[in-house]
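Worksheet: one structure, shown below.
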Amino acid sequence: MSALTLIARDELWLMRRSRVSVIAAALLIVLVVIAGITSVAHQSNVADTRARLQAQVDEEFDNQPSRHPHRMVHFGHFIFRPLPPLAAFDPGIDAFTGNAMFLEGHRQNSANFGDVRQSSILVRFGQLTPAFVLQTLAPLLIIFLGYGAVARERGAGTLRQLFMQGVSAGTLIAGKLLALATVAALIAIPAMSVLIFVAAQPGAAAGPIALTAAGYLTYLALWSIIVVLVSASVARPRNALLALLGLWSVTVILLPRIAPDLAATAVPQPTRLETDLTLQRELRAMGDSHNPDDPVFAAFKQRVLRQYGVRRVEDLPVNYKGLLAVEGERMTSELFDRYASEGFARQARQSATMDAIGTLSPAVAMRRLSMAAAGTDLAGHARFLDQAEAYRYDLVQRLNRLQADAVSFEDDAAKSSDTAAEQRSRIDPHHWHAMPDFHFAPPEPGDLVRRASPAAVMLLLWLLVPALLLAPAARRLEGVRS
């Protein structure tokens, strides 16, 4: 048996003799298992609930009685964001952004009903998921198991004895690292089992799952290297423990918590109230499509009359009020889209700031990789909003065109004062059944991998730096011979 294997076996034997180490490792493994089971069960329940609610609101919309089409525009419709398969491993920002949207004419609403707004403050610290356990708690266990791996040999005076027996400093460090990496692999096994389970689910793709697995294994290997490196660089185990705990506190707890605030400071985002006030001012300047005499829409009226070759709106072969609603929705939607695009652009710059902070914290880089590969990051939420708005606009314009084609201008104009005209302005409910349902189109697996690639590169750079520092640490350790 080689010296490296003997050193690794001896280190594992020492860990096994320590009751505290065994209990801590066992508890963390159990915690990963519990997190995996509860997360999969929770996400399955959430997915079923959203699918059931979506089917319910679709049925309620389809079963509306005979109505005026514009009444259906304001009746609105609910849609729910479906969860990607990897959300069971890393739900990402889903708990913060909301999962349901109310779609209606003349407005772009935001997503609502996020878990954070309906749960305790503990959700803001972190949900109990495999991703949270591996990102936050696993490095802490690796620190407690390995902080004295090399420093203990020096403090106990056994380091020189090992050197006198022909063991090199490089072999010693490699053996300690092998033992610690073995424990890290044992911790990762339950989490990898969750990924294997997710891989068997409908819609799961091999690329993002493989990248997620590789990312977490790299992350645990990184912490194993850091722990052994620090242990080999200090003279006393206590100093190694303090240094490692300080590093964990800053990179795993502090920086990920303040990174969003730093990004928000670097790229300020207007508040919802400020945006609404500015938007309302522009909407008022745009005119009121509900008012046929609005001066802003006078030019539109003249274009319509020239297009159909008539002098009065009463002579049009279609309902002018419906055409007016179509034009008004087009104009307001363009304004809403411009504001939404500006908001997404600012959020993209904030995300770039978060990526830069990843150079200071491997936990930030790991979190970015995990959410991007799972499709539960900001880009995934923006994709849902884009598709929701496209569906809203299409639905509203279909209803507006029904008003133009299926309701006469005379009945539409007289419906407020004439009961018979009001009845005639209602159209058959089979039109509601003809409206398409919302179907979210998930991103392609290649897109998820590309979004996660910058964070993956950053994580590899984090791995490379301490790995390169092991050789100088071994050379300094050789000085103990003399």
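In the structure tokens, chains take letters A, B, ... by order of appearance, with residues numbered from 1 within each chain and ligands from 1 in the order shown.
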So that I can check the secondary structure, give me every residue of segment 167-353 of chain A assigned helix (DSSP H, G or I) by backbone DSSP, as a VMD selection string. chain A and resid 169 to 199 206 to 233 237 to 266 272 to 286 295 to 308 313 to 315 320 to 353
Judged by only C-alpha atoms, the minimum distance to Pro436 of chain A among A:Thr275, A:Ser44, A:His77, A:Gly175 is found for A:His77
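Distance annotation: of A:Gln269, A:Thr212, A:Ser193, A:Thr332, the residue with the minimal separation from Arg346 of chain A is A:Gln269; atom set is only C-alpha atoms.
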Distance atom CA of Arg160 of chain A-atom CA of Leu469 of chain A, one decimal place?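 According to the coordinates, atom CA of Arg160 of chain A and atom CA of Leu469 of chain A are separated by 21.9 Å.
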- Message: Please report the interatomic distance between atom CA of Asp337 of chain A and atom CA of Ala55 of chain A in Å with one decimal.
- Response: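 Calculated distance between atom CA of Asp337 of chain A and atom CA of Ala55 of chain A is 27.9 Å.
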Among A:Pro208, A:Ala259, A:Ala179, A:Val250, Ser453 of chain A is approached most closely, using only C-alpha atoms, by A:Pro208
Restricting the calculation to only C-alpha atoms: of A:His381, A:Arg330, A:Arg257, A:Arg338, which residue gets closest to Ala95 of chain A?
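Smallest distance to Ala95 of chain A is found for A:His381.
The two atoms in question, atom CA of Leu335 of chain A and atom CA of Thr265 of chain A, are spaced 26.4 Å apart.
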Given only C-alpha atoms as the counted atoms, nearest of A:Gly215, A:Pro268, A:Pro466, A:Pro445 to Ala348 of chain A: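 Residue with the minimum atom-to-atom distance to Ala348 of chain A: A:Pro268.
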Close residues, Glu329 of chain A itself excluded, 8 Å, only C-alpha atoms, min 4 positions apart in chain, as a list in words =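 Final neighbour list, sorted by chain and number: Gly105, His106, Ala325, Ser333, Tyr393, Val396 and Gln397 of chain A.
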Counting only C-alpha atoms, the residue among A:Pro139, A:Pro362, A:Pro472, A:Gly375 that lies closest to Ala455 of chain A is A:Pro362
Might you pull out every residue within 8 Å of segment 19-33 of chain A, with only C-alpha atoms counted and same-chain residues fewer than 3 positions away left off, and present them as JSON, numbers by chain?
-> {"A": [15, 16, 36, 37, 129, 130, 133, 134, 137, 138, 141, 144, 145, 186, 187, 190, 191]}
Using the selection just defined, write its residues with N, CA and C atoms as a PDB file, in the first residue's frame.
```pdb
ATOM      1  N   MET A  15     -10.765  10.354  11.997  1.00  0.00           N
ATOM      2  CA  MET A  15     -12.093  10.973  11.937  1.00  0.00           C
ATOM      3  C   MET A  15     -13.150  10.029  12.504  1.00  0.00           C
ATOM      4  N   ARG A  16     -13.013   8.738  12.188  1.00  0.00           N
ATOM      5  CA  ARG A  16     -13.993   7.771  12.663  1.00  0.00           C
ATOM      6  C   ARG A  16     -13.917   7.595  14.168  1.00  0.00           C
ATOM      7  N   GLY A  36     -33.507  16.519   0.476  1.00  0.00           N
ATOM      8  CA  GLY A  36     -33.861  16.006  -0.837  1.00  0.00           C
ATOM      9  C   GLY A  36     -35.294  15.495  -0.883  1.00  0.00           C
ATOM     10  N   ILE A  37     -35.665  14.715   0.116  1.00  0.00           N
ATOM     11  CA  ILE A  37     -37.016  14.146   0.142  1.00  0.00           C
ATOM     12  C   ILE A  37     -38.069  15.242   0.276  1.00  0.00           C
ATOM     13  N   THR A 129     -33.115  22.865   1.134  1.00  0.00           N
ATOM     14  CA  THR A 129     -33.022  22.132  -0.122  1.00  0.00           C
ATOM     15  C   THR A 129     -31.624  21.530  -0.215  1.00  0.00           C
ATOM     16  N   PRO A 130     -31.434  20.523  -1.080  1.00  0.00           N
ATOM     17  CA  PRO A 130     -30.071  19.990  -1.265  1.00  0.00           C
ATOM     18  C   PRO A 130     -29.075  21.073  -1.647  1.00  0.00           C
ATOM     19  N   VAL A 133     -28.044  23.047   1.529  1.00  0.00           N
ATOM     20  CA  VAL A 133     -27.188  22.257   2.420  1.00  0.00           C
ATOM     21  C   VAL A 133     -25.777  22.154   1.855  1.00  0.00           C
ATOM     22  N   LEU A 134     -25.663  21.879   0.566  1.00  0.00           N
ATOM     23  CA  LEU A 134     -24.335  21.733  -0.035  1.00  0.00           C
ATOM     24  C   LEU A 134     -23.607  23.067  -0.113  1.00  0.00           C
ATOM     25  N   LEU A 137     -23.872  24.446   4.430  1.00  0.00           N
ATOM     26  CA  LEU A 137     -23.524  23.624   5.588  1.00  0.00           C
ATOM     27  C   LEU A 137     -22.395  22.637   5.306  1.00  0.00           C
ATOM     28  N   ALA A 138     -22.330  22.104   4.093  1.00  0.00           N
ATOM     29  CA  ALA A 138     -21.275  21.134   3.779  1.00  0.00           C
ATOM     30  C   ALA A 138     -19.880  21.723   3.953  1.00  0.00           C
ATOM     31  N   LEU A 141     -18.926  21.620   7.647  1.00  0.00           N
ATOM     32  CA  LEU A 141     -18.529  20.292   8.132  1.00  0.00           C
ATOM     33  C   LEU A 141     -17.124  19.943   7.664  1.00  0.00           C
ATOM     34  N   PHE A 144     -14.644  21.604   9.963  1.00  0.00           N
ATOM     35  CA  PHE A 144     -14.495  20.993  11.285  1.00  0.00           C
ATOM     36  C   PHE A 144     -13.809  19.643  11.215  1.00  0.00           C
ATOM     37  N   LEU A 145     -13.971  18.947  10.110  1.00  0.00           N
ATOM     38  CA  LEU A 145     -13.311  17.644   9.985  1.00  0.00           C
ATOM     39  C   LEU A 145     -11.846  17.766   9.604  1.00  0.00           C
ATOM     40  N   LEU A 186     -18.871  11.456   0.203  1.00  0.00           N
ATOM     41  CA  LEU A 186     -19.945  10.777   0.919  1.00  0.00           C
ATOM     42  C   LEU A 186     -21.111  11.729   1.199  1.00  0.00           C
ATOM     43  N   ILE A 187     -20.767  12.987   1.506  1.00  0.00           N
ATOM     44  CA  ILE A 187     -21.808  13.983   1.744  1.00  0.00           C
ATOM     45  C   ILE A 187     -22.600  14.231   0.465  1.00  0.00           C
ATOM     46  N   PRO A 190     -26.017  11.579  -1.341  1.00  0.00           N
ATOM     47  CA  PRO A 190     -27.481  11.757  -1.297  1.00  0.00           C
ATOM     48  C   PRO A 190     -27.973  12.844  -2.248  1.00  0.00           C
ATOM     49  N   ALA A 191     -27.202  13.942  -2.349  1.00  0.00           N
ATOM     50  CA  ALA A 191     -27.611  15.015  -3.251  1.00  0.00           C
ATOM     51  C   ALA A 191     -27.555  14.560  -4.703  1.00  0.00           C
TER      52      ALA A 191
END
```
